[in-house]
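Data from upload07.cif: mmCIF, C-alpha atoms
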```
data_run
loop_
_atom_site.label_atom_id
_atom_site.label_comp_id
_atom_site.auth_asym_id
_atom_site.auth_seq_id
_atom_site.Cartn_x
_atom_site.Cartn_y
_atom_site.Cartn_z
CA MET A 2 73.44 -13.46 17.49
CA LYS A 3 71.63 -15.88 15.16
CA SER A 4 69.78 -18.92 16.42
CA THR A 5 67.60 -21.53 14.75
CA SER A 6 64.32 -22.79 16.13
CA THR A 7 61.66 -25.21 14.93
CA SER A 8 57.94 -24.54 15.26
CA SER A 9 54.87 -26.51 14.32
CA PHE A 10 52.05 -25.00 12.28
CA MET A 11 49.12 -27.28 11.35
CA GLY A 12 51.30 -30.37 11.78
CA VAL A 13 54.07 -29.02 9.52
CA TYR A 14 57.38 -28.24 11.13
CA ILE A 15 58.94 -24.99 10.02
CA ARG A 16 62.49 -23.96 10.72
CA THR A 17 62.99 -20.27 11.36
CA ARG A 18 66.01 -18.14 12.06
CA CYS A 19 66.03 -15.45 14.67
CA ILE A 20 68.43 -12.58 14.31
CA ASN A 21 68.24 -11.67 17.95
CA ALA A 22 67.96 -14.67 20.28
CA ALA A 23 66.85 -12.43 23.11
CA ALA A 24 63.76 -11.23 21.19
CA PRO A 25 60.51 -12.45 22.77
CA ILE A 26 59.08 -13.54 19.37
CA CYS A 27 62.07 -15.75 18.59
CA GLY A 28 60.94 -19.35 18.12
CA ASP A 29 57.27 -18.42 17.90
CA ILE A 30 55.81 -17.99 14.43
CA GLU A 31 52.90 -15.75 13.87
CA MET A 32 50.14 -17.35 11.83
CA GLY A 33 50.44 -14.96 8.88
CA VAL A 34 54.17 -15.57 8.58
CA ALA A 35 53.68 -19.34 8.70
CA VAL A 36 51.03 -19.26 6.00
CA ARG A 37 53.28 -17.13 3.81
CA LEU A 38 56.14 -19.58 4.32
CA LEU A 39 53.93 -22.56 3.46
CA MET A 40 52.22 -20.95 0.48
CA ALA A 41 55.36 -19.33 -0.95
CA ASP A 42 55.79 -22.19 -3.42
CA PHE A 43 52.19 -22.01 -4.70
CA GLU A 44 50.54 -19.38 -6.84
CA TYR A 45 46.79 -18.82 -6.74
CA GLU A 46 46.31 -19.27 -10.49
CA SER A 47 48.19 -22.56 -10.59
CA LEU A 48 46.16 -23.90 -7.65
CA LEU A 49 42.93 -22.77 -9.30
CA ASP A 50 43.87 -24.41 -12.60
CA ARG A 51 44.74 -27.62 -10.77
CA ALA A 52 41.36 -27.63 -9.01
CA ARG A 53 39.48 -26.97 -12.27
CA ASP A 54 41.32 -29.84 -13.98
CA LYS A 55 40.08 -32.24 -11.30
CA ILE A 56 36.39 -31.41 -11.92
CA PRO A 57 34.78 -34.03 -14.21
CA THR A 58 33.77 -32.64 -17.61
CA GLU A 59 30.21 -33.98 -17.37
CA ILE A 60 29.72 -31.73 -14.34
CA SER A 61 31.60 -28.64 -15.49
CA GLU A 62 30.22 -28.45 -19.03
CA ARG A 63 26.51 -28.79 -18.39
CA ALA A 64 23.95 -26.66 -16.70
CA ARG A 65 22.71 -27.87 -13.36
CA TRP A 66 19.08 -27.67 -14.43
CA THR A 67 17.96 -28.16 -18.00
CA LEU A 68 14.47 -28.21 -19.41
CA PRO A 69 13.80 -30.67 -22.24
CA ASP A 70 12.88 -29.19 -25.61
CA PRO A 71 9.12 -29.15 -26.15
CA GLU A 72 7.96 -31.49 -28.91
CA ILE A 73 5.58 -29.24 -30.86
CA LEU A 74 3.42 -30.53 -33.71
CA ILE A 75 0.97 -28.67 -35.92
CA GLU A 76 -1.89 -30.88 -37.12
CA GLY A 77 -4.45 -29.08 -39.22
CA ASN A 78 -5.75 -26.19 -37.15
CA GLN A 79 -4.33 -27.44 -33.84
CA THR A 80 -0.93 -27.08 -32.21
CA ILE A 81 0.15 -29.89 -29.89
CA ILE A 82 2.88 -30.09 -27.23
CA ARG A 83 3.47 -33.85 -27.01
CA ASN A 84 5.80 -33.92 -23.98
CA PHE A 85 3.90 -31.50 -21.72
CA SER A 86 3.93 -33.88 -18.73
CA GLU A 87 7.72 -34.28 -19.03
CA LEU A 88 8.13 -30.48 -19.07
CA ILE A 89 5.94 -30.14 -15.99
CA SER A 90 7.81 -32.82 -14.06
CA LYS A 91 11.13 -31.03 -14.69
CA MET A 92 9.60 -27.66 -13.74
CA ASP A 93 8.14 -29.03 -10.49
CA ARG A 94 5.13 -26.75 -10.77
CA ASP A 95 1.35 -27.21 -10.81
CA PRO A 96 0.30 -28.41 -14.30
CA ASN A 97 -2.83 -26.23 -14.25
CA HIS A 98 -0.76 -23.12 -13.50
CA VAL A 99 1.60 -23.72 -16.43
CA TYR A 100 -1.30 -24.60 -18.72
CA GLN A 101 -3.29 -21.48 -17.81
CA PHE A 102 -0.16 -19.32 -18.22
CA LEU A 103 0.38 -20.66 -21.74
CA LEU A 104 -3.28 -20.17 -22.66
CA ASN A 105 -3.22 -16.56 -21.44
CA GLU A 106 0.11 -15.71 -23.07
CA LEU A 107 -0.76 -17.33 -26.39
CA GLY A 108 -4.28 -15.87 -26.42
CA THR A 109 -5.99 -19.07 -27.43
CA SER A 110 -8.06 -21.89 -25.99
CA GLY A 111 -7.08 -25.51 -25.71
CA THR A 112 -7.45 -28.82 -23.98
CA ARG A 113 -5.12 -30.64 -21.64
CA GLU A 114 -4.84 -34.39 -21.62
CA SER A 115 -2.70 -36.58 -19.39
CA VAL A 116 0.51 -36.32 -21.41
CA ARG A 117 -0.06 -33.60 -23.99
CA VAL A 118 -1.66 -30.21 -24.53
CA MET A 119 -3.60 -29.10 -27.60
CA PHE A 120 -4.07 -25.44 -28.54
CA LYS A 121 -6.59 -24.18 -31.08
CA GLY A 122 -4.96 -22.46 -34.01
CA ARG A 123 -1.64 -22.71 -35.80
CA ILE A 124 0.88 -21.30 -33.34
CA PRO A 125 4.53 -21.12 -34.43
CA PRO A 126 6.78 -23.39 -32.33
CA LYS A 127 9.21 -20.51 -31.77
CA ARG A 128 6.44 -18.50 -30.08
CA ILE A 129 5.53 -21.40 -27.76
CA ARG A 130 9.18 -21.93 -26.81
CA GLY A 131 9.47 -18.22 -26.04
CA LYS A 132 6.45 -18.34 -23.73
CA ILE A 133 7.87 -21.38 -21.92
CA VAL A 134 11.14 -19.48 -21.42
CA ASN A 135 9.11 -16.52 -20.06
CA TYR A 136 7.40 -18.85 -17.58
CA VAL A 137 10.73 -20.25 -16.40
CA LYS A 138 12.17 -16.75 -15.91
CA SER A 139 9.05 -15.49 -14.13
CA PHE A 140 8.06 -18.45 -11.94
CA ILE A 141 11.03 -20.82 -11.57
CA LEU A 142 14.42 -19.07 -11.59
CA CYS A 143 15.42 -16.93 -8.61
CA ASN A 144 15.98 -13.25 -9.45
CA GLN A 145 18.96 -13.02 -7.08
CA CYS A 146 21.03 -16.14 -7.76
CA ASN A 147 19.34 -17.69 -10.86
CA ALA A 148 18.91 -21.02 -9.07
CA PRO A 149 15.89 -23.16 -10.04
CA ASP A 150 15.37 -24.22 -6.41
CA THR A 151 12.27 -22.14 -5.73
CA HIS A 152 8.82 -22.87 -4.39
CA PHE A 153 5.64 -20.92 -3.75
CA VAL A 154 4.74 -19.83 -0.22
CA LYS A 155 1.37 -18.36 0.71
CA GLU A 156 1.51 -15.65 3.39
CA ASP A 157 -1.83 -14.05 4.23
CA ARG A 158 -3.23 -13.01 0.84
CA THR A 159 0.14 -12.78 -0.90
CA THR A 160 1.90 -15.57 -2.77
CA LEU A 161 5.67 -15.41 -2.57
CA MET A 162 8.33 -17.25 -4.52
CA LYS A 163 11.06 -18.32 -2.09
CA CYS A 164 14.50 -19.50 -3.16
CA GLN A 165 15.84 -22.47 -1.22
CA ALA A 166 19.41 -21.73 -2.33
CA CYS A 167 19.84 -18.11 -1.24
CA GLY A 168 16.68 -17.45 0.81
CA ALA A 169 15.42 -14.56 -1.35
CA THR A 170 11.67 -14.01 -1.57
CA ARG A 171 9.57 -11.97 -3.97
CA PRO A 172 5.85 -11.60 -4.50
CA ILE A 173 4.26 -13.12 -7.59
CA ARG A 174 0.85 -13.17 -9.18
CA LEU A 175 -0.61 -16.55 -9.89
#
```

Is it possible to give me this structure as structure tokens?
Amino acid sequence: MKSTSTSSFMGVYIRTRCINAAAPICGDIEMGVAVRLLMADFEYESLLDRARDKIPTEISERARWTLPDPEILIEGNQTIIRNFSELISKMDRDPNHVYQFLLNELGTSGTRESVRVMFKGRIPPKRIRGKIVNYVKSFILCNQCNAPDTHFVKEDRTTLMKCQACGATRPIRL
């Protein structure tokens, strides 16, 4: 004997047919069955494409965190990074730490002024950019999730880099 019943699932009324009206499940819809009935008209890929189309292009096509290109000049026997303070503000790190890292990696001496940094010697701009990328990979980006949301934490005698996005920590040498 066939009977028809109506059930509500998440505010949507669903009509079901029971083959046996005496069955105890008749009229009650299990959650998995209801979801399958509701989602039968939708495919995952089409829903995913629809969601991606709704994301603005200025958000989807750019990186969340970008570092400005360093403005590097060579004047005589000195190499100058003109926008050093801008780089530091985007990195959110101690200016002395970044400056000392660059001096050690480049193997030269230099002076730091309020906005710019001057290194002794003619250093190719490609080499300086590479060292800045090394600094970002070593001291800014998280090893686990590649998020730039990290900060330094001092525990006892060890300095740790802690990610605010995923919670990962790792020891670093300053």

Kindly give the distance, in Å, that separates CA of Asn147 (chain A) and CA of Asp93 (chain A), rounded to a single decimal.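 If I compute the distance from CA of Asn147 (chain A) to CA of Asp93 (chain A), I get 15.9 Å.
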
Between CA of Arg174 (chain A) and CA of Cys143 (chain A), what distance in Å does the model show, to one decimal? 15.1 Å

Can you work out which one of A:Asn97, A:Ser115, A:Thr170, A:Asn135 has the shortest atom-to-atom distance to Lys155 (chain A), counting all atoms listed in the file? A:Thr170

As a list in words, please: the residues near Ile81 (chain A) (cut-off 10 Å, only C-alpha atoms, same-chain neighbours under 3 positions excluded).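 Those residues are Pro71, Glu72, Ile73, Leu74, Ile75, Glu76, Asn84, Phe85, Gly111, Thr112, Arg113, Arg117, Val118, Met119, Phe120, Lys121, Gly122, Arg123, Ile124 and Pro126 of chain A.
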
The PyMOL selection byres ((chain A and resi 132) around 12) on the file shown: which residues, as a list of chain:residue names?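 Going through the file, the PyMOL selection byres ((chain A and resi 132) around 12) ends up selecting A:Pro71, A:Val99, A:Tyr100, A:Gln101, A:Phe102, A:Leu103, A:Leu104, A:Asn105, A:Glu106, A:Leu107, A:Gly108, A:Ile124, A:Pro125, A:Pro126, A:Lys127, A:Arg128, A:Ile129, A:Arg130, A:Gly131, A:Ile133, A:Val134, A:Asn135, A:Tyr136, A:Val137, A:Lys138, A:Ser139, A:Phe140.
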
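For the choices A:Leu68, A:Pro172, A:Thr109, A:Leu49, the atom-to-atom distance to Ile89 (chain A) is smallest for A:Leu68 when using all atoms listed in the file.
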
Go ahead and fit an axis-aligned box to every listed atom of region 97-102 of chain A plus 4 Å each side, and pass me the centre and edge lengths in Å, one decimal, as AutoDock Vina command-line options.
```
--center_x -0.8 --center_y -22.8 --center_z -16.1 --size_x 12.9 --size_y 14.9 --size_z 13.2
```

Counting only C-alpha atoms, the residue of A:Cys164, A:Ile56, A:Ala169, A:Leu88 that sits nearest Ile141 (chain A):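 When distances to Ile141 (chain A) are compared using only C-alpha atoms, the smallest one comes from A:Cys164.
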
So what do you get for CA of Lys163 (chain A) versus CA of Trp66 (chain A), distance-wise?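 Rounded to one decimal, the two atoms are 17.4 Å apart.
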
Taking the file above as input, evaluate the PyMOL selection byres ((chain A and resi 150) around 6) and report the hits as JSON, numbers by chain. {"A": [148, 149, 151, 164, 165]}

Protein and nucleic acid residues near (7.7, -20.2, -0.3) (cut-off 6 Å, all atoms listed in the file) as a count of residues only: 6
